[in-house]
Amino acid sequence: MSSPRAATTLVVCFVALALLTLLSLALGAQALSPAQLVHALAHPFDGDQADRIVIGLRLPRTAVALVAGASLGLAGAVMQGVTRNPLADPGLLGVNAGASLAVVTAIGVFGVGSASGYVWFAFGGAAVAAAVVYAIGVLGQGGATPVKLALAGAALTATLTSIVTLVLLSHQDVFQQFRFWQVGSVAGRSLHDVGVVAPFAAAGALLAIIGGRMLDVLALGDDAARGLGLNIPLARAICAVAVVLLAGAATSIAGPVVFVGLVAAHAARPVAGHDHRWLIGLSGVIGAGLLVASDLIGRFIAPPGELEAGVVIAIVGAPVMIALIRRRGAVMSA
Amino acid sequence: MSAQSGVTDAWAAPARTVHTALAVGRRRRLVTVAALAGVVALIAVLSLTLGTIPVSPARLPAVLAGHGDPLENLAVLTLRLPRWTTGALVGIALGLAGALFQTTLRNPLASPDILGVSGGASLAAVTAMLVFHASGAGVPLAALIGGAVVAAVIGLLSWREGFAGQRFVLIGIAVAFLASGGLSYLITRADVRAAQQALAWTVGSVSDPSWGETGLLAIALVVLVPVALWLSVPLRVLALGSDAAHGLGAHPLGTTVLATAVGVALAAVATAVAGPVAFVAFVSAPIARRLVGAGGLQPVASALTGAALVTAADFVAARLGDFQAPVGLVTGVVGAPYLLWLLTRKDGAIA
């Protein structure tokens, strides 16, 4: 029984996440004392400088990191469960590539020029791409099997990425803007943007928790799951919609941040075991913590400038993941 | 109705049916390989004859033998032949590399572009271009070293009381993300023009080959392809599971390590010459398996699929108009929909 251990870990992760959130509000180019932070949060509209830093700059980026990180962590765990592939990443359904193509279109055709302006484009692109991948998976033999979803996702990603690159290579002005979106960052967004995508992320989280129970049954194999009375196409569809909502929300506010979903799910797996609801919940909290921490580290790692959270997560996340994989020894659980 | 389902059903059926089914499977494989070779040859004729200086296909043998007029020699021997040859060799190397990775590591997502090998090569090449302002032979050299070093690092990190394919794949993905993070960093910090050039390299191109690099690739293939062909038998035994393979006298560990090493070498050399041509390594083996209608390594069909994919994509890329599209763009746009279409069909082996 892993549940008591998983519950303890979940509490520890929540405490760590709360601490990281406070640090993210307090630290930066100008560090604030706890008193200043409390004052700024209690009286947000006093108009002194600490208030402007906390409310105007650090609160939005922390909120973006929390929502995007949690969404990616949840989506990663669901994605790995539904494809039964430990390599699956929320980006695999074509979500990142669809969002990228939509953002390139937004910049190149509609002349949109700010991260806030990309939100709806990115979300729409992500949703359409994921729907296409899922439809292709359903069409062929045996319905949306894990392998077909994975192959279709990677194939559509390749097509869309090629089109994006074609535009970027032939239009320098589009490339100039796009490269800063593509790197994945939580800075420069407003609380309003977070408010726009938060409902989608919340709906996705709810579906992910519902889908978690079905994933436990699905993990026994299609035949056993069918024998136990599970409606397999419905279960896969619920999980796919959850991934689209979550990954779409994350990508639309933070750009195509890679790796959070993958590494969060792998970090959660040894504790949660085969219970998908614990796995998904833990993965969400860990994902949020990872992205907040990455943003925080990025503020200090390359003075006088900042390093984008998307770069930090790759540089810091990869060694963490390698250590996790090595520690687990020779026996691997998918 | 397909040969594949015939084979699967036949395992439980009488020996005569097994024999017939195997014969049908073998015939389908031979027909597929012959058809793929025909496609590669057809693309070769088209690539060598069509263009701003058209050469009649009937004149092609004479021109290739060195009896063409100066204009024909320029068009075919100087401009088109090096490009087609490089494309075909890169395709063979990547197709075979992907097939080896996917069969050995038993994961349809395991290919050099998704594990860190191509990423390491790209990071090294882009670092050479943007940080050290290298050009000419420096860039492919950096890519080759980068790919090899990264593969060695993945191998060392995943070695723990033996070699587990699953661990190799996961660590490879972690390293790939590390490389892509480094790449994003370099590309956002550099001057926009230089960054765009670096981006073009990371797509993969065979439009400006040098005989030196292509020759090295050819030598590498002469060494590595026979090993890959030989490996298809032990890999088929390995697919029965580790215990059964031991019982049949195979060496699972040695086979796995050798197959992975050959795959890495093929991918690294091809990437050094052409850049990480997108998608060829990932897609060739699944396409080949669906065409042959059977699982396993299918080295010849995968290599020919790779060659057909790269040369066809480069044929299109070279004739798109003013904008010289790198071949890697076209492989993604052309190859991926084909795989998607295969996935939606009712028959064919899955993965």
# chains A, B, ... in the order shown; residues from 1 in each chain; ligands from 1

call {"tool": "select_by_dssp", "arguments": {"residues": "segment 71-272 of chain B", "states": "helix (DSSP H, G or I)", "output": "compact mmCIF listing (two decimals) with N, CA and C atoms, in the first residue's frame"}}
result
# COMPACT_ATOMS: atom_id res chain seq x y z
N LEU B 71 28.08 21.04 -70.80
CA LEU B 71 26.89 21.50 -70.09
C LEU B 71 26.24 20.34 -69.32
N GLU B 72 26.14 19.19 -70.01
CA GLU B 72 25.56 18.01 -69.36
C GLU B 72 26.42 17.58 -68.17
N ASN B 73 27.74 17.61 -68.37
CA ASN B 73 28.64 17.24 -67.27
C ASN B 73 28.44 18.14 -66.07
N LEU B 74 28.33 19.45 -66.33
CA LEU B 74 28.12 20.40 -65.24
C LEU B 74 26.84 20.07 -64.49
N ALA B 75 25.75 19.89 -65.25
CA ALA B 75 24.44 19.68 -64.62
C ALA B 75 24.41 18.38 -63.83
N VAL B 76 24.83 17.28 -64.49
CA VAL B 76 24.66 15.96 -63.87
C VAL B 76 25.79 15.66 -62.88
N LEU B 77 27.04 15.75 -63.38
CA LEU B 77 28.16 15.25 -62.56
C LEU B 77 28.54 16.23 -61.46
N THR B 78 28.51 17.55 -61.78
CA THR B 78 28.98 18.52 -60.79
C THR B 78 27.87 18.94 -59.82
N LEU B 79 26.66 19.18 -60.37
CA LEU B 79 25.61 19.74 -59.51
C LEU B 79 24.72 18.67 -58.89
N ARG B 80 24.21 17.75 -59.71
CA ARG B 80 23.11 16.89 -59.23
C ARG B 80 23.59 15.59 -58.60
N LEU B 81 24.64 14.96 -59.17
CA LEU B 81 25.05 13.65 -58.66
C LEU B 81 25.53 13.71 -57.21
N PRO B 82 26.39 14.69 -56.85
CA PRO B 82 26.82 14.73 -55.44
C PRO B 82 25.64 14.89 -54.48
N ARG B 83 24.70 15.72 -54.89
CA ARG B 83 23.55 16.00 -54.04
C ARG B 83 22.69 14.74 -53.87
N TRP B 84 22.42 14.03 -55.00
CA TRP B 84 21.60 12.83 -54.91
C TRP B 84 22.31 11.75 -54.09
N THR B 85 23.63 11.59 -54.37
CA THR B 85 24.38 10.55 -53.66
C THR B 85 24.37 10.81 -52.16
N THR B 86 24.65 12.06 -51.78
CA THR B 86 24.65 12.38 -50.36
C THR B 86 23.29 12.11 -49.75
N GLY B 87 22.23 12.53 -50.44
CA GLY B 87 20.88 12.30 -49.93
C GLY B 87 20.60 10.82 -49.73
N ALA B 88 20.97 10.00 -50.73
CA ALA B 88 20.69 8.57 -50.64
C ALA B 88 21.47 7.95 -49.48
N LEU B 89 22.75 8.32 -49.34
CA LEU B 89 23.56 7.73 -48.27
C LEU B 89 23.05 8.16 -46.90
N VAL B 90 22.70 9.45 -46.78
CA VAL B 90 22.15 9.94 -45.51
C VAL B 90 20.85 9.20 -45.18
N GLY B 91 20.01 9.00 -46.22
CA GLY B 91 18.76 8.28 -46.00
C GLY B 91 18.98 6.86 -45.53
N ILE B 92 19.93 6.16 -46.18
CA ILE B 92 20.24 4.78 -45.78
C ILE B 92 20.69 4.76 -44.32
N ALA B 93 21.62 5.67 -43.99
CA ALA B 93 22.17 5.68 -42.62
C ALA B 93 21.08 5.96 -41.60
N LEU B 94 20.25 6.96 -41.87
CA LEU B 94 19.23 7.33 -40.88
C LEU B 94 18.13 6.28 -40.79
N GLY B 95 17.71 5.74 -41.93
CA GLY B 95 16.68 4.71 -41.92
C GLY B 95 17.11 3.50 -41.12
N LEU B 96 18.36 3.10 -41.34
CA LEU B 96 18.90 1.94 -40.64
C LEU B 96 19.09 2.25 -39.15
N ALA B 97 19.57 3.45 -38.86
CA ALA B 97 19.79 3.83 -37.46
C ALA B 97 18.46 3.79 -36.69
N GLY B 98 17.42 4.35 -37.29
CA GLY B 98 16.12 4.35 -36.63
C GLY B 98 15.61 2.93 -36.41
N ALA B 99 15.75 2.08 -37.44
CA ALA B 99 15.28 0.70 -37.32
C ALA B 99 16.01 -0.01 -36.18
N LEU B 100 17.34 0.20 -36.11
CA LEU B 100 18.12 -0.46 -35.05
C LEU B 100 17.67 0.02 -33.67
N PHE B 101 17.52 1.34 -33.52
CA PHE B 101 17.10 1.89 -32.23
C PHE B 101 15.74 1.32 -31.82
N GLN B 102 14.77 1.40 -32.74
CA GLN B 102 13.40 1.02 -32.38
C GLN B 102 13.29 -0.46 -32.08
N THR B 103 14.02 -1.30 -32.85
CA THR B 103 13.93 -2.74 -32.61
C THR B 103 14.66 -3.11 -31.32
N THR B 104 15.86 -2.59 -31.15
CA THR B 104 16.66 -2.97 -29.99
C THR B 104 16.04 -2.47 -28.70
N LEU B 105 15.61 -1.22 -28.72
CA LEU B 105 15.09 -0.62 -27.48
C LEU B 105 13.60 -0.88 -27.33
N GLY B 116 19.12 11.74 -27.38
CA GLY B 116 19.91 12.96 -27.53
C GLY B 116 20.95 13.01 -28.63
N VAL B 117 21.07 11.95 -29.46
CA VAL B 117 22.21 11.92 -30.38
C VAL B 117 22.19 13.08 -31.37
N SER B 118 21.04 13.28 -32.05
CA SER B 118 20.95 14.40 -32.99
C SER B 118 21.03 15.73 -32.26
N GLY B 119 20.41 15.78 -31.07
CA GLY B 119 20.44 17.01 -30.27
C GLY B 119 21.86 17.39 -29.89
N GLY B 120 22.65 16.40 -29.46
CA GLY B 120 24.04 16.66 -29.09
C GLY B 120 24.84 17.16 -30.28
N ALA B 121 24.60 16.52 -31.44
CA ALA B 121 25.30 16.94 -32.65
C ALA B 121 24.90 18.38 -33.02
N SER B 122 23.59 18.69 -32.91
CA SER B 122 23.13 20.04 -33.25
C SER B 122 23.71 21.07 -32.30
N LEU B 123 23.69 20.75 -31.00
CA LEU B 123 24.20 21.71 -30.02
C LEU B 123 25.68 22.02 -30.30
N ALA B 124 26.46 20.96 -30.57
CA ALA B 124 27.88 21.15 -30.84
C ALA B 124 28.07 21.99 -32.10
N ALA B 125 27.30 21.68 -33.16
CA ALA B 125 27.46 22.40 -34.42
C ALA B 125 27.05 23.87 -34.27
N VAL B 126 25.92 24.10 -33.58
CA VAL B 126 25.44 25.48 -33.42
C VAL B 126 26.38 26.27 -32.51
N THR B 127 26.94 25.61 -31.48
CA THR B 127 27.95 26.27 -30.65
C THR B 127 29.14 26.67 -31.50
N ALA B 128 29.58 25.75 -32.37
CA ALA B 128 30.71 26.06 -33.24
C ALA B 128 30.39 27.25 -34.14
N MET B 129 29.14 27.32 -34.63
CA MET B 129 28.77 28.41 -35.55
C MET B 129 28.61 29.73 -34.82
N LEU B 130 27.88 29.72 -33.69
CA LEU B 130 27.49 30.98 -33.06
C LEU B 130 28.54 31.50 -32.07
N GLY B 138 34.72 22.72 -40.00
CA GLY B 138 34.62 22.78 -38.54
C GLY B 138 33.25 22.38 -38.03
N VAL B 139 32.20 22.76 -38.77
CA VAL B 139 30.83 22.50 -38.30
C VAL B 139 30.51 21.00 -38.30
N PRO B 140 30.71 20.28 -39.44
CA PRO B 140 30.44 18.83 -39.39
C PRO B 140 31.32 18.10 -38.38
N LEU B 141 32.57 18.55 -38.24
CA LEU B 141 33.46 17.90 -37.28
C LEU B 141 32.89 18.05 -35.87
N ALA B 142 32.47 19.29 -35.56
CA ALA B 142 31.87 19.53 -34.24
C ALA B 142 30.64 18.65 -34.05
N ALA B 143 29.82 18.52 -35.11
CA ALA B 143 28.60 17.73 -35.00
C ALA B 143 28.93 16.27 -34.73
N LEU B 144 29.93 15.76 -35.44
CA LEU B 144 30.31 14.35 -35.27
C LEU B 144 30.78 14.11 -33.84
N ILE B 145 31.67 15.01 -33.37
CA ILE B 145 32.18 14.85 -32.00
C ILE B 145 31.03 14.99 -31.00
N GLY B 146 30.17 15.99 -31.22
CA GLY B 146 29.05 16.21 -30.31
C GLY B 146 28.15 14.99 -30.22
N GLY B 147 27.80 14.43 -31.38
CA GLY B 147 26.92 13.25 -31.39
C GLY B 147 27.56 12.07 -30.68
N ALA B 148 28.85 11.84 -30.95
CA ALA B 148 29.53 10.69 -30.36
C ALA B 148 29.67 10.86 -28.85
N VAL B 149 30.07 12.08 -28.42
CA VAL B 149 30.26 12.33 -26.98
C VAL B 149 28.94 12.14 -26.24
N VAL B 150 27.87 12.72 -26.82
CA VAL B 150 26.57 12.62 -26.15
C VAL B 150 26.12 11.16 -26.05
N ALA B 151 26.32 10.39 -27.14
CA ALA B 151 25.93 8.98 -27.10
C ALA B 151 26.73 8.23 -26.04
N ALA B 152 28.03 8.55 -25.95
CA ALA B 152 28.86 7.88 -24.95
C ALA B 152 28.39 8.23 -23.54
N VAL B 153 28.05 9.52 -23.35
CA VAL B 153 27.57 9.95 -22.03
C VAL B 153 26.28 9.23 -21.67
N ILE B 154 25.35 9.15 -22.64
CA ILE B 154 24.08 8.44 -22.37
C ILE B 154 24.38 6.98 -22.02
N GLY B 155 25.29 6.37 -22.78
CA GLY B 155 25.63 4.97 -22.52
C GLY B 155 26.21 4.78 -21.13
N LEU B 156 27.16 5.67 -20.76
CA LEU B 156 27.81 5.54 -19.44
C LEU B 156 26.80 5.76 -18.32
N LEU B 157 25.96 6.80 -18.48
CA LEU B 157 25.00 7.10 -17.42
C LEU B 157 23.97 5.98 -17.26
N SER B 158 23.64 5.30 -18.37
CA SER B 158 22.59 4.29 -18.26
C SER B 158 23.17 2.92 -17.90
N GLY B 165 17.60 -1.29 -21.86
CA GLY B 165 17.17 -0.44 -22.98
C GLY B 165 16.29 0.70 -22.51
N GLN B 166 15.36 0.38 -21.61
CA GLN B 166 14.44 1.37 -21.07
C GLN B 166 15.18 2.55 -20.44
N ARG B 167 16.22 2.23 -19.65
CA ARG B 167 16.97 3.28 -18.97
C ARG B 167 17.73 4.12 -19.99
N PHE B 168 18.30 3.46 -20.99
CA PHE B 168 19.02 4.17 -22.05
C PHE B 168 18.10 5.18 -22.73
N VAL B 169 16.87 4.74 -23.01
CA VAL B 169 15.92 5.61 -23.71
C VAL B 169 15.57 6.82 -22.84
N LEU B 170 15.25 6.57 -21.57
CA LEU B 170 14.84 7.68 -20.69
C LEU B 170 15.97 8.68 -20.50
N ILE B 171 17.19 8.16 -20.28
CA ILE B 171 18.32 9.08 -20.09
C ILE B 171 18.59 9.81 -21.40
N GLY B 172 18.41 9.11 -22.52
CA GLY B 172 18.58 9.76 -23.82
C GLY B 172 17.62 10.93 -23.98
N ILE B 173 16.38 10.75 -23.54
CA ILE B 173 15.40 11.83 -23.65
C ILE B 173 15.78 13.00 -22.76
N ALA B 174 16.25 12.69 -21.55
CA ALA B 174 16.68 13.76 -20.65
C ALA B 174 17.81 14.56 -21.29
N VAL B 175 18.77 13.84 -21.89
CA VAL B 175 19.90 14.52 -22.54
C VAL B 175 19.42 15.33 -23.75
N ALA B 176 18.43 14.78 -24.48
CA ALA B 176 17.89 15.52 -25.63
C ALA B 176 17.28 16.85 -25.18
N PHE B 177 16.58 16.82 -24.05
CA PHE B 177 15.99 18.06 -23.55
C PHE B 177 17.07 19.05 -23.13
N LEU B 178 18.11 18.51 -22.50
CA LEU B 178 19.24 19.35 -22.10
C LEU B 178 19.82 20.05 -23.34
N ALA B 179 20.03 19.27 -24.40
CA ALA B 179 20.58 19.83 -25.63
C ALA B 179 19.64 20.87 -26.22
N SER B 180 18.33 20.59 -26.21
CA SER B 180 17.41 21.54 -26.82
C SER B 180 17.31 22.81 -25.98
N GLY B 181 17.47 22.68 -24.65
CA GLY B 181 17.52 23.88 -23.81
C GLY B 181 18.72 24.74 -24.16
N GLY B 182 19.88 24.09 -24.32
CA GLY B 182 21.09 24.81 -24.71
C GLY B 182 20.93 25.48 -26.06
N LEU B 183 20.29 24.77 -26.98
CA LEU B 183 20.06 25.29 -28.33
C LEU B 183 19.16 26.53 -28.28
N SER B 184 18.05 26.46 -27.52
CA SER B 184 17.15 27.61 -27.38
C SER B 184 17.92 28.80 -26.83
N TYR B 185 18.77 28.53 -25.83
CA TYR B 185 19.53 29.61 -25.21
C TYR B 185 20.41 30.29 -26.25
N LEU B 186 21.18 29.49 -27.00
CA LEU B 186 22.09 30.06 -28.00
C LEU B 186 21.30 30.85 -29.04
N ILE B 187 20.15 30.28 -29.46
CA ILE B 187 19.39 30.91 -30.56
C ILE B 187 18.72 32.20 -30.10
N THR B 188 18.33 32.31 -28.81
CA THR B 188 17.72 33.58 -28.38
C THR B 188 18.77 34.65 -28.10
N ARG B 189 20.01 34.23 -27.79
CA ARG B 189 21.02 35.22 -27.42
C ARG B 189 21.79 35.76 -28.62
N VAL B 192 20.11 37.98 -34.82
CA VAL B 192 19.00 37.28 -35.48
C VAL B 192 19.42 36.60 -36.78
N ARG B 193 20.35 37.23 -37.54
CA ARG B 193 20.80 36.61 -38.80
C ARG B 193 21.56 35.32 -38.55
N ALA B 194 22.53 35.40 -37.63
CA ALA B 194 23.32 34.21 -37.32
C ALA B 194 22.43 33.11 -36.76
N ALA B 195 21.45 33.53 -35.93
CA ALA B 195 20.56 32.54 -35.33
C ALA B 195 19.74 31.85 -36.40
N GLN B 196 19.33 32.62 -37.43
CA GLN B 196 18.54 32.03 -38.50
C GLN B 196 19.38 31.01 -39.30
N GLN B 197 20.66 31.34 -39.50
CA GLN B 197 21.54 30.37 -40.17
C GLN B 197 21.69 29.10 -39.36
N ALA B 198 21.84 29.29 -38.05
CA ALA B 198 21.98 28.12 -37.17
C ALA B 198 20.72 27.28 -37.22
N LEU B 199 19.57 27.95 -37.22
CA LEU B 199 18.29 27.24 -37.31
C LEU B 199 18.24 26.42 -38.59
N ALA B 200 18.72 27.03 -39.70
CA ALA B 200 18.72 26.32 -40.97
C ALA B 200 19.57 25.06 -40.88
N TRP B 201 20.71 25.14 -40.20
CA TRP B 201 21.55 23.94 -40.07
C TRP B 201 20.81 22.85 -39.29
N THR B 202 20.08 23.26 -38.25
CA THR B 202 19.43 22.25 -37.42
C THR B 202 18.27 21.56 -38.13
N VAL B 203 17.89 22.04 -39.31
CA VAL B 203 16.83 21.38 -40.06
C VAL B 203 17.40 20.22 -40.88
N TRP B 211 32.54 16.23 -51.63
CA TRP B 211 32.84 14.81 -51.86
C TRP B 211 33.60 14.21 -50.69
N GLY B 212 34.40 15.05 -49.98
CA GLY B 212 35.15 14.54 -48.83
C GLY B 212 34.22 13.98 -47.77
N GLU B 213 33.21 14.80 -47.39
CA GLU B 213 32.27 14.37 -46.35
C GLU B 213 31.46 13.16 -46.82
N THR B 214 30.97 13.25 -48.08
CA THR B 214 30.17 12.14 -48.61
C THR B 214 31.00 10.86 -48.67
N GLY B 215 32.29 10.99 -49.03
CA GLY B 215 33.16 9.82 -49.06
C GLY B 215 33.29 9.18 -47.69
N LEU B 216 33.47 10.03 -46.66
CA LEU B 216 33.56 9.50 -45.30
C LEU B 216 32.28 8.75 -44.92
N LEU B 217 31.14 9.35 -45.30
CA LEU B 217 29.86 8.70 -45.02
C LEU B 217 29.79 7.34 -45.71
N ALA B 218 30.26 7.30 -46.99
CA ALA B 218 30.23 6.04 -47.74
C ALA B 218 31.10 4.99 -47.06
N ILE B 219 32.29 5.41 -46.61
CA ILE B 219 33.19 4.44 -45.94
C ILE B 219 32.52 3.91 -44.66
N ALA B 220 31.91 4.84 -43.90
CA ALA B 220 31.23 4.42 -42.66
C ALA B 220 30.13 3.41 -42.97
N LEU B 221 29.39 3.64 -44.07
CA LEU B 221 28.30 2.72 -44.41
C LEU B 221 28.84 1.35 -44.81
N VAL B 222 29.98 1.34 -45.55
CA VAL B 222 30.56 0.06 -45.96
C VAL B 222 30.89 -0.79 -44.73
N VAL B 223 31.32 -0.13 -43.66
CA VAL B 223 31.65 -0.87 -42.44
C VAL B 223 30.39 -1.24 -41.67
N LEU B 224 29.46 -0.29 -41.53
CA LEU B 224 28.35 -0.46 -40.58
C LEU B 224 27.17 -1.25 -41.15
N VAL B 225 26.89 -1.11 -42.45
CA VAL B 225 25.70 -1.78 -43.00
C VAL B 225 25.78 -3.30 -42.87
N PRO B 226 26.93 -3.94 -43.21
CA PRO B 226 26.98 -5.40 -43.03
C PRO B 226 26.71 -5.82 -41.58
N VAL B 227 27.23 -5.04 -40.62
CA VAL B 227 26.99 -5.37 -39.22
C VAL B 227 25.49 -5.31 -38.92
N ALA B 228 24.83 -4.26 -39.44
CA ALA B 228 23.40 -4.11 -39.21
C ALA B 228 22.62 -5.27 -39.83
N LEU B 229 23.00 -5.67 -41.05
CA LEU B 229 22.32 -6.79 -41.71
C LEU B 229 22.50 -8.06 -40.88
N TRP B 230 23.72 -8.27 -40.41
CA TRP B 230 24.00 -9.47 -39.63
C TRP B 230 23.19 -9.46 -38.33
N LEU B 231 23.01 -8.26 -37.77
CA LEU B 231 22.32 -8.16 -36.48
C LEU B 231 20.84 -8.54 -36.55
N SER B 232 20.26 -8.54 -37.76
CA SER B 232 18.80 -8.74 -37.81
C SER B 232 18.42 -10.13 -37.29
N VAL B 233 19.30 -11.13 -37.42
CA VAL B 233 18.97 -12.48 -36.92
C VAL B 233 19.01 -12.52 -35.39
N PRO B 234 20.14 -12.16 -34.76
CA PRO B 234 20.12 -12.17 -33.29
C PRO B 234 19.04 -11.28 -32.69
N LEU B 235 18.71 -10.16 -33.38
CA LEU B 235 17.67 -9.28 -32.83
C LEU B 235 16.31 -9.96 -32.88
N ARG B 236 16.08 -10.79 -33.90
CA ARG B 236 14.81 -11.49 -33.97
C ARG B 236 14.72 -12.50 -32.83
N VAL B 237 15.85 -13.15 -32.51
CA VAL B 237 15.87 -14.08 -31.37
C VAL B 237 15.60 -13.31 -30.08
N LEU B 238 16.21 -12.13 -29.99
CA LEU B 238 16.07 -11.31 -28.78
C LEU B 238 14.62 -10.90 -28.54
N SER B 242 14.31 -12.20 -23.15
CA SER B 242 15.68 -12.42 -22.73
C SER B 242 15.95 -13.89 -22.39
N ASP B 243 15.01 -14.52 -21.66
CA ASP B 243 15.22 -15.90 -21.22
C ASP B 243 15.27 -16.86 -22.39
N ALA B 244 14.29 -16.72 -23.29
CA ALA B 244 14.24 -17.58 -24.47
C ALA B 244 15.50 -17.40 -25.30
N ALA B 245 15.96 -16.13 -25.41
CA ALA B 245 17.14 -15.85 -26.20
C ALA B 245 18.36 -16.55 -25.60
N HIS B 246 18.48 -16.49 -24.25
CA HIS B 246 19.57 -17.19 -23.58
C HIS B 246 19.52 -18.67 -23.90
N GLY B 247 18.29 -19.24 -23.81
CA GLY B 247 18.12 -20.66 -24.06
C GLY B 247 18.54 -21.04 -25.47
N PRO B 252 22.11 -11.65 -25.28
CA PRO B 252 21.25 -10.47 -25.32
C PRO B 252 22.02 -9.17 -25.08
N LEU B 253 22.90 -9.18 -24.07
CA LEU B 253 23.59 -7.94 -23.72
C LEU B 253 24.48 -7.47 -24.87
N GLY B 254 25.30 -8.41 -25.37
CA GLY B 254 26.22 -8.06 -26.46
C GLY B 254 25.46 -7.56 -27.68
N THR B 255 24.38 -8.25 -28.03
CA THR B 255 23.59 -7.86 -29.20
C THR B 255 23.00 -6.47 -29.01
N THR B 256 22.41 -6.21 -27.83
CA THR B 256 21.79 -4.92 -27.58
C THR B 256 22.81 -3.79 -27.67
N VAL B 257 23.97 -3.99 -27.01
CA VAL B 257 24.98 -2.92 -26.99
C VAL B 257 25.51 -2.69 -28.40
N LEU B 258 25.80 -3.78 -29.12
CA LEU B 258 26.34 -3.63 -30.47
C LEU B 258 25.34 -2.92 -31.39
N ALA B 259 24.06 -3.36 -31.32
CA ALA B 259 23.05 -2.75 -32.18
C ALA B 259 22.88 -1.27 -31.87
N THR B 260 22.88 -0.91 -30.58
CA THR B 260 22.74 0.50 -30.21
C THR B 260 23.95 1.30 -30.70
N ALA B 261 25.15 0.70 -30.53
CA ALA B 261 26.37 1.41 -30.94
C ALA B 261 26.37 1.64 -32.45
N VAL B 262 25.96 0.63 -33.22
CA VAL B 262 25.92 0.79 -34.68
C VAL B 262 24.90 1.87 -35.05
N GLY B 263 23.74 1.86 -34.37
CA GLY B 263 22.73 2.88 -34.63
C GLY B 263 23.25 4.28 -34.35
N VAL B 264 23.96 4.43 -33.22
CA VAL B 264 24.52 5.74 -32.86
C VAL B 264 25.52 6.19 -33.91
N ALA B 265 26.41 5.27 -34.33
CA ALA B 265 27.44 5.62 -35.30
C ALA B 265 26.81 6.08 -36.61
N LEU B 266 25.81 5.33 -37.09
CA LEU B 266 25.13 5.70 -38.34
C LEU B 266 24.50 7.08 -38.23
N ALA B 267 23.78 7.31 -37.11
CA ALA B 267 23.10 8.60 -36.95
C ALA B 267 24.11 9.74 -36.84
N ALA B 268 25.20 9.52 -36.11
CA ALA B 268 26.17 10.60 -35.89
C ALA B 268 26.85 10.98 -37.20
N VAL B 269 27.24 9.99 -38.00
CA VAL B 269 27.92 10.30 -39.26
C VAL B 269 26.97 11.03 -40.22
N ALA B 270 25.73 10.50 -40.32
CA ALA B 270 24.77 11.14 -41.22
C ALA B 270 24.48 12.57 -40.78
N THR B 271 24.35 12.79 -39.47
CA THR B 271 24.07 14.13 -38.96
C THR B 271 25.24 15.07 -39.22
N ALA B 272 26.46 14.55 -39.09
CA ALA B 272 27.63 15.40 -39.35
C ALA B 272 27.62 15.88 -40.79

call {"tool": "interface_residues", "arguments": {"of": "chain A", "to": "chain B", "cutoff": "6 Å", "atoms": "only C-alpha atoms", "output": "PyMOL selection string"}}
result
chain A and resi 136+139-141+152+155+158-159+162+183+311+314-315+318+322

call {"tool": "residues_around", "arguments": {"residues": "segment 94-99 of chain A", "least_positions_apart": "2", "cutoff": "6 Å", "atoms": "only C-alpha atoms", "output": "PyMOL selection string"}}
result
chain A and resi 91-92+101-102+122+125-126+129-130+153+157+160-161+256

call {"tool": "residues_around", "arguments": {"residues": "Val241 of chain A", "least_positions_apart": "4", "cutoff": "9 Å", "atoms": "only C-alpha atoms", "output": "list of chain:residue names"}}
result
A:Ala127, A:Ala130, A:Ala131, A:Gly204, A:Leu207, A:Ala208, A:Arg236, A:Ala237, A:Leu245, A:Leu246

call {"tool": "write_last_selection", "arguments": {"atoms": "N, CA and C atoms", "output": "tab-separated table (two decimals), in the first residue's frame"}}
result
chain	number	residue	atom	x	y	z
A	127	ALA	N	-5.40	22.79	-29.38
A	127	ALA	CA	-6.60	21.96	-29.34
A	127	ALA	C	-6.85	21.29	-30.70
A	130	ALA	N	-4.28	18.45	-31.30
A	130	ALA	CA	-4.56	17.26	-30.49
A	130	ALA	C	-5.79	16.53	-30.99
A	131	ALA	N	-6.80	17.28	-31.42
A	131	ALA	CA	-8.01	16.64	-31.94
A	131	ALA	C	-7.69	15.84	-33.20
A	204	GLY	N	-9.56	20.80	-16.99
A	204	GLY	CA	-8.65	19.71	-17.34
A	204	GLY	C	-8.23	18.92	-16.11
A	207	LEU	N	-11.06	16.60	-15.06
A	207	LEU	CA	-11.13	15.43	-15.94
A	207	LEU	C	-9.97	14.47	-15.69
A	208	ALA	N	-8.79	15.03	-15.39
A	208	ALA	CA	-7.62	14.18	-15.14
A	208	ALA	C	-7.85	13.31	-13.92
A	236	ARG	N	-10.34	6.69	-22.87
A	236	ARG	CA	-9.24	7.34	-23.59
A	236	ARG	C	-9.64	8.75	-24.01
A	237	ALA	N	-10.91	8.93	-24.41
A	237	ALA	CA	-11.35	10.26	-24.84
A	237	ALA	C	-11.31	11.25	-23.68
A	245	LEU	N	-6.83	20.21	-22.65
A	245	LEU	CA	-7.15	21.38	-21.84
A	245	LEU	C	-5.93	21.82	-21.03
A	246	LEU	N	-5.27	20.85	-20.39
A	246	LEU	CA	-4.15	21.18	-19.51
A	246	LEU	C	-2.94	21.68	-20.30

call {"tool": "residues_around", "arguments": {"residues": "Val39 of chain B", "least_positions_apart": "3", "cutoff": "12 Å", "atoms": "only C-alpha atoms", "output": "ChimeraX atom specification"}}
result
/B:32-36,42-46,88,301,304-309,311-312
